[in-house]
Amino acid sequence: MERPASVVKELIENSIDAGATGIFVELEQGGMRLILVRDNGSGMEADDARMSFARHATSKISSLDDLSNIQSFGFRGEALAAISSVAFVTLKTRPASQENGAEISYAGGAFKTQKNIGCPPGTEIAVRSLFYNTPARKKFLKTEQTEAAHAISVVTHMALAYPKIGFSLWNNGKEIFSVPHNSLLETRLAALLGSSLIRDFIPVHFTTPSIKITGFVGTPGAHISSRRHQYLFVNGRDVSDPLVSRAVLDAYGSRLPGRSFPVFLLHIEVSPADVDVNVHPRKLSVKFLEPSRIYRDTSQAVSQALDEFQKKLYATPQAAADSSDFFPQAMTAKFQPEQNALFEREHSALRSASSSTFSAHLLGQVADSYLVIFEEEGLALVDQHAAHERIMYEKFKAQELSKQPESQQLLTPTVCDFLPEEKTFFAQALPHLQKLGFEVDEWSGGTLAIHACPSSLARENLQKILKEIVHDLMGESAKKDPLPERILKSLACKAAVKFGMPLSRPEQENLLQEINQTPNSATCPHGRPTKLVITFEELERRFYRKK
Ligand code: ADP
Ligand code: MG
């Protein structure tokens with residue numbers, strides 16, 4: 001038991017074991033002050049309730065089958081004992097068949113009181129002042145917000161793993177979320193993620209004789225900047241797995257802008273012989289016997305789902321026309337379908353939330369490549385790649401000059417293999433890359449481990465970006481610039497959004513806002529213009545309204 005969230009998890013598991021269909025969780029100060037879990041499960045008779053605090057009191061071993069379950073779930077029968085030894089615990093419980101319930105309290109592992117009470121059927125456990133008697137442990141707790149975030153994440157995972165059970169979660173007197181029992185998984189997902197951006201999901205159904213993959217992935221416009229909303233259940237077990245995350249990300253491919261991650265909830269079912277779930281002591285990760293097959297099947301499952309979604313949107317052009325009165329129809333038709341699906345919501349949020357001068361004039365993105373802006377003198381077209389390239393170039397340049405580049409540490413190093421020839425170029429570039437915020441270790445045999453990179457760079461494509469930079473340096477054409485300048489330009493190019501990449505409305509706005517605050521914004525670092533204006537005057541001339 002290391003933190004409030006782990007207590008929450010144990011208590012919810014007990015409620016689930018007791019057959020509850022509704023579980024109510026109340027926290028104060030992220031659980032540091034109070035964790036209360038109430039369920040409508042089987043309840044306990046008074047004697048059993050008292051016994052439940054004894055170590056190894058588990059009542060769940062009733063057959064040999066159960067014994068093997070226990071093996072795979074780790075050592076059981078200690079949670080209540082452990083919790084009650086480091087907190088003040090009050091248990092109220094009643095089986096439906098009994099008239100009276102029992103209230104039992106423990107403090108610091110010692111039995112305090114027991115009495116008969118009236119209470120609804122089910123069980124309520126309140127855990128107060130966790131770790132009050134183990135200050136060393138208490139010191140490891142983080143801020144109230146962090147502990148709350150961990151606890152919320154635990155309840156979210158449980159609610160997604162058990163869609164038939166209703167969950168309600170409160171912290172400091174405020175409801176965090178509440179999902180009724182038997183709610184549709186899709187509705188539940190939207191409610192739990194609590195993000196206004198992520199409300200639409202694409203169903204995934206993929207079956208072969210050896211694997212079944214089901215669940216939901218977010219629409220391409222509904223991405224976020226971390227993996228925090230990626231939920232994976234393998235044979236019903238709540239796990240996380242970088243391989244599956246990667247497979248989903250790759251299935252989105254260019255449908256997602258850099259530095260963003262799709263949202264998903266996937267259930268993968270494979271034969272128990274194909275997966276090992278015991279590799280991690282906390283049961284969080286899995287080991288697939290055939291990782292490459294899992295990768296292939298997962299990315300195929302997700303690609304298929306995305307393709308079908310796309311087809312459906314194209315099949316109903318009406319949606320595009322309906323989505324807004326803001327765009328001229330002809331222009332709307334060329335928009336990315338997923339943007340149309342999301343546009344209305346984003347647009348109305350925009351209307352209420354911001355009065356930024358840009359958004360009033362930004363008409364949108366066309367051909368996945370240009371931003372169209374309505375300006376005083378006419379219509380402006382911004383080349384998104386060229387503009388972003390300039391933004392990134394100026395950012396990196398400022399970083400280099402600052403002597404204290406902003407870099408992001410990678411949780412696990414990105415491993416990069418170079419050929420001997422590439423390595424000499426990389427070695428030349430390294431001191432300059434370090435000035436920009438890269439941290440690189442050299443492993444044996446030409447393998448490099450990247451531990452940190454500039455904050456403004458997508459961590460996902462690091463290896464690819466570095467390779468491309470090295471190849472740029474090796475190429476003839478760039479040789480007219482001095483090396484640091486070549487590196488800057490190359491990095492800016494790789495870090496910028498691509499020509500032909502759909503951008504969400506907020507991304508479009510950001511881009512415009514940033515380019516307006518960037519020096520030398522008229523051209524990209526290679527000297528191409530970032531923006532063209534067709535003046536109304538010119539339009540009038542070309543329509544022969546004016547000579
Ligand atoms: P385990 O869950 O591994 O058996 P615990 O210490 O978590 O061990 O719980 C001890 C026992 O207390 C359980 O086996 C169960 O009989 C009883 N118990 C705990 N929580 C509940 C609950 N919410 N409803 C009914 N019985 C419970
Ligand atoms: Mg338990």
# chains A, B, ... in the order shown; residues from 1 in each chain; ligands from 1
>>> residues_near_ligand(ligand="ligand 2", cutoff="6 Å", atoms="only C-alpha atoms and all ligand atoms", output="list in words")
Glu10, Glu13, Asn14 and Ala79 of chain A
>>> residues_near_ligand(ligand="ligand 1", cutoff="9 Å", atoms="only C-alpha atoms and all ligand atoms", output="compact mmCIF listing (two decimals) with N, CA, C and O atoms, in the first residue's frame")
# COMPACT_ATOMS: atom_id res chain seq x y z
N GLU A 10 -7.70 -1.38 -3.89
CA GLU A 10 -8.01 -2.57 -3.09
C GLU A 10 -9.48 -2.57 -2.66
O GLU A 10 -10.16 -3.60 -2.72
N LEU A 11 -9.94 -1.41 -2.21
CA LEU A 11 -11.32 -1.35 -1.71
C LEU A 11 -12.31 -1.59 -2.85
O LEU A 11 -13.32 -2.28 -2.67
N ILE A 12 -12.04 -1.02 -4.00
CA ILE A 12 -12.94 -1.24 -5.13
C ILE A 12 -12.92 -2.71 -5.55
O ILE A 12 -13.96 -3.31 -5.84
N GLU A 13 -11.74 -3.30 -5.55
CA GLU A 13 -11.67 -4.73 -5.91
C GLU A 13 -12.52 -5.56 -4.95
O GLU A 13 -13.22 -6.49 -5.37
N ASN A 14 -12.48 -5.23 -3.67
CA ASN A 14 -13.31 -5.95 -2.71
C ASN A 14 -14.79 -5.78 -3.02
O ASN A 14 -15.56 -6.72 -2.94
N SER A 15 -15.17 -4.56 -3.37
CA SER A 15 -16.58 -4.31 -3.69
C SER A 15 -17.00 -5.11 -4.91
O SER A 15 -18.10 -5.66 -4.96
N ILE A 16 -16.11 -5.18 -5.89
CA ILE A 16 -16.42 -5.95 -7.10
C ILE A 16 -16.55 -7.43 -6.74
O ILE A 16 -17.49 -8.11 -7.15
N ASP A 17 -15.60 -7.92 -5.90
CA ASP A 17 -15.66 -9.32 -5.46
C ASP A 17 -16.98 -9.61 -4.73
O ASP A 17 -17.48 -10.72 -4.75
N ALA A 18 -17.50 -8.57 -4.06
CA ALA A 18 -18.74 -8.76 -3.29
C ALA A 18 -19.97 -8.62 -4.17
O ALA A 18 -21.10 -8.57 -3.67
N GLY A 19 -19.76 -8.54 -5.48
CA GLY A 19 -20.89 -8.53 -6.42
C GLY A 19 -21.61 -7.20 -6.53
O GLY A 19 -22.77 -7.15 -6.96
N ALA A 20 -20.95 -6.11 -6.15
CA ALA A 20 -21.62 -4.81 -6.21
C ALA A 20 -21.97 -4.43 -7.65
O ALA A 20 -21.25 -4.77 -8.58
N VAL A 37 -15.34 4.22 0.51
CA VAL A 37 -15.88 3.42 -0.59
C VAL A 37 -17.14 2.71 -0.10
O VAL A 37 -17.11 2.02 0.91
N ARG A 38 -18.23 2.96 -0.80
CA ARG A 38 -19.50 2.35 -0.41
C ARG A 38 -20.02 1.52 -1.57
O ARG A 38 -19.93 1.93 -2.73
N ASP A 39 -20.51 0.32 -1.26
CA ASP A 39 -21.03 -0.52 -2.34
C ASP A 39 -22.36 -1.13 -1.96
O ASP A 39 -22.78 -1.09 -0.81
N ASN A 40 -23.05 -1.69 -2.94
CA ASN A 40 -24.31 -2.39 -2.69
C ASN A 40 -24.12 -3.90 -2.88
O ASN A 40 -24.99 -4.59 -3.36
N GLY A 41 -22.95 -4.36 -2.50
CA GLY A 41 -22.63 -5.78 -2.67
C GLY A 41 -23.19 -6.64 -1.54
O GLY A 41 -24.09 -6.22 -0.81
N SER A 42 -22.61 -7.82 -1.40
CA SER A 42 -23.18 -8.83 -0.50
C SER A 42 -23.19 -8.42 0.96
O SER A 42 -24.00 -8.90 1.75
N GLY A 43 -22.32 -7.52 1.38
CA GLY A 43 -22.23 -7.18 2.80
C GLY A 43 -21.65 -8.34 3.59
O GLY A 43 -21.37 -9.41 3.04
N MET A 44 -21.42 -8.10 4.89
CA MET A 44 -20.84 -9.16 5.73
C MET A 44 -21.64 -9.26 7.02
O MET A 44 -22.14 -8.25 7.53
N ASP A 48 -17.97 -12.08 10.52
CA ASP A 48 -17.09 -12.08 9.35
C ASP A 48 -16.45 -10.70 9.16
O ASP A 48 -15.28 -10.59 8.79
N ALA A 49 -17.25 -9.69 9.45
CA ALA A 49 -16.74 -8.33 9.28
C ALA A 49 -15.55 -8.11 10.20
O ALA A 49 -14.53 -7.55 9.80
N ARG A 50 -15.70 -8.58 11.43
CA ARG A 50 -14.60 -8.42 12.38
C ARG A 50 -13.37 -9.19 11.91
O ARG A 50 -12.24 -8.72 11.97
N MET A 51 -13.64 -10.39 11.40
CA MET A 51 -12.56 -11.26 10.91
C MET A 51 -11.84 -10.68 9.69
O MET A 51 -10.67 -11.00 9.44
N SER A 52 -12.56 -9.88 8.94
CA SER A 52 -11.98 -9.43 7.67
C SER A 52 -10.72 -8.58 7.87
O SER A 52 -9.95 -8.39 6.94
N PHE A 53 -10.50 -8.10 9.09
CA PHE A 53 -9.30 -7.30 9.34
C PHE A 53 -8.09 -8.15 9.72
O PHE A 53 -6.99 -7.64 9.83
N ALA A 54 -8.34 -9.43 9.94
CA ALA A 54 -7.23 -10.30 10.30
C ALA A 54 -6.45 -10.65 9.05
O ALA A 54 -7.02 -10.81 7.97
N ARG A 55 -5.15 -10.78 9.18
CA ARG A 55 -4.35 -11.16 8.02
C ARG A 55 -4.75 -12.55 7.51
O ARG A 55 -5.13 -13.40 8.29
N HIS A 56 -4.66 -12.73 6.22
CA HIS A 56 -5.02 -14.00 5.57
C HIS A 56 -6.46 -14.39 5.86
O HIS A 56 -6.79 -15.55 5.96
N ALA A 57 -7.31 -13.39 6.05
CA ALA A 57 -8.70 -13.72 6.38
C ALA A 57 -9.50 -14.03 5.13
O ALA A 57 -10.69 -14.24 5.20
N THR A 58 -8.84 -14.08 4.02
CA THR A 58 -9.60 -14.18 2.79
C THR A 58 -10.60 -15.33 2.78
O THR A 58 -10.31 -16.43 3.22
N SER A 59 -11.78 -15.02 2.28
CA SER A 59 -12.82 -16.04 2.19
C SER A 59 -12.90 -16.54 0.76
O SER A 59 -13.83 -17.22 0.39
N LYS A 60 -11.92 -16.08 -0.04
CA LYS A 60 -12.10 -16.33 -1.47
C LYS A 60 -11.47 -17.62 -1.97
O LYS A 60 -11.55 -17.93 -3.14
N ILE A 61 -10.82 -18.38 -1.08
CA ILE A 61 -10.29 -19.66 -1.53
C ILE A 61 -11.32 -20.72 -1.21
O ILE A 61 -11.44 -21.15 -0.08
N ILE A 70 -5.51 -17.28 -7.47
CA ILE A 70 -4.76 -16.53 -6.48
C ILE A 70 -3.31 -16.42 -6.88
O ILE A 70 -2.68 -15.38 -6.76
N PHE A 75 -0.48 -12.39 -4.00
CA PHE A 75 -0.88 -12.82 -2.66
C PHE A 75 -2.09 -12.03 -2.18
O PHE A 75 -2.12 -10.82 -2.24
N ARG A 76 -3.11 -12.74 -1.73
CA ARG A 76 -4.34 -12.05 -1.37
C ARG A 76 -4.63 -12.18 0.12
O ARG A 76 -3.97 -12.90 0.84
N GLY A 77 -5.66 -11.48 0.55
CA GLY A 77 -6.15 -11.65 1.91
C GLY A 77 -5.48 -10.75 2.93
O GLY A 77 -5.53 -11.00 4.12
N GLU A 78 -4.84 -9.67 2.45
CA GLU A 78 -4.13 -8.83 3.39
C GLU A 78 -4.54 -7.37 3.31
O GLU A 78 -4.10 -6.58 4.14
N ALA A 79 -5.33 -7.02 2.36
CA ALA A 79 -5.54 -5.59 2.11
C ALA A 79 -6.14 -4.88 3.32
O ALA A 79 -5.61 -3.87 3.78
N LEU A 80 -7.25 -5.41 3.82
CA LEU A 80 -7.90 -4.71 4.92
C LEU A 80 -6.98 -4.64 6.14
O LEU A 80 -6.92 -3.62 6.83
N ALA A 81 -6.27 -5.74 6.40
CA ALA A 81 -5.34 -5.75 7.54
C ALA A 81 -4.28 -4.66 7.35
O ALA A 81 -4.00 -3.89 8.28
N ALA A 82 -3.73 -4.62 6.14
CA ALA A 82 -2.67 -3.64 5.89
C ALA A 82 -3.19 -2.21 6.00
O ALA A 82 -2.55 -1.35 6.61
N ILE A 83 -4.35 -1.97 5.43
CA ILE A 83 -4.89 -0.60 5.46
C ILE A 83 -5.19 -0.19 6.91
O ILE A 83 -4.86 0.91 7.34
N LEU A 91 -15.73 0.44 9.35
CA LEU A 91 -16.44 -0.43 8.41
C LEU A 91 -17.90 -0.51 8.83
O LEU A 91 -18.20 -0.77 9.99
N THR A 93 -21.41 -2.49 7.58
CA THR A 93 -21.78 -3.50 6.58
C THR A 93 -23.03 -4.25 7.01
O THR A 93 -23.30 -4.41 8.20
N ARG A 94 -23.78 -4.68 6.02
CA ARG A 94 -24.98 -5.48 6.31
C ARG A 94 -25.32 -6.34 5.11
O ARG A 94 -25.44 -5.82 3.99
N PRO A 95 -25.51 -7.64 5.31
CA PRO A 95 -26.02 -8.47 4.22
C PRO A 95 -27.52 -8.19 4.07
O PRO A 95 -28.18 -7.90 5.07
N GLY A 122 -25.05 -3.84 2.03
CA GLY A 122 -23.80 -3.52 1.34
C GLY A 122 -22.74 -3.14 2.35
O GLY A 122 -22.89 -3.39 3.55
N THR A 123 -21.69 -2.55 1.87
CA THR A 123 -20.55 -2.26 2.74
C THR A 123 -20.04 -0.84 2.50
O THR A 123 -20.00 -0.38 1.35
N GLU A 124 -19.67 -0.20 3.58
CA GLU A 124 -19.03 1.11 3.45
C GLU A 124 -17.76 1.10 4.29
O GLU A 124 -17.79 0.76 5.47
N ILE A 125 -16.64 1.43 3.67
CA ILE A 125 -15.39 1.49 4.42
C ILE A 125 -14.84 2.90 4.31
O ILE A 125 -14.69 3.44 3.21
>>> atom_distance(atom1="CA of Ala107 (chain A)", atom2="CA of Glu26 (chain A)")
19.8 Å
>>> closest_residue(among="A:Val7, A:Val155, A:Val470, A:Leu34", to="Phe425 (chain A)", atoms="only C-alpha atoms")
A:Val470
>>> closest_residue(among="A:Phe499, A:Leu381, A:Ser97, A:Gly109", to="Val533 (chain A)", atoms="only C-alpha atoms")
A:Leu381
>>> residues_around(residues="Gly475 (chain A)", least_positions_apart="4", cutoff="12 Å", atoms="only C-alpha atoms", output="PyMOL selection string")
chain A and resi 422+425+468-471+479-480+486+490
>>> closest_residue(among="A:Ile450, A:Lys531, A:Ala190, A:Gly500", to="Leu411 (chain A)", atoms="only C-alpha atoms")
A:Ile450
>>> closest_residue(among="A:Ala5, A:Leu363, A:Val239, A:Leu532", to="His150 (chain A)", atoms="only C-alpha atoms")
A:Ala5
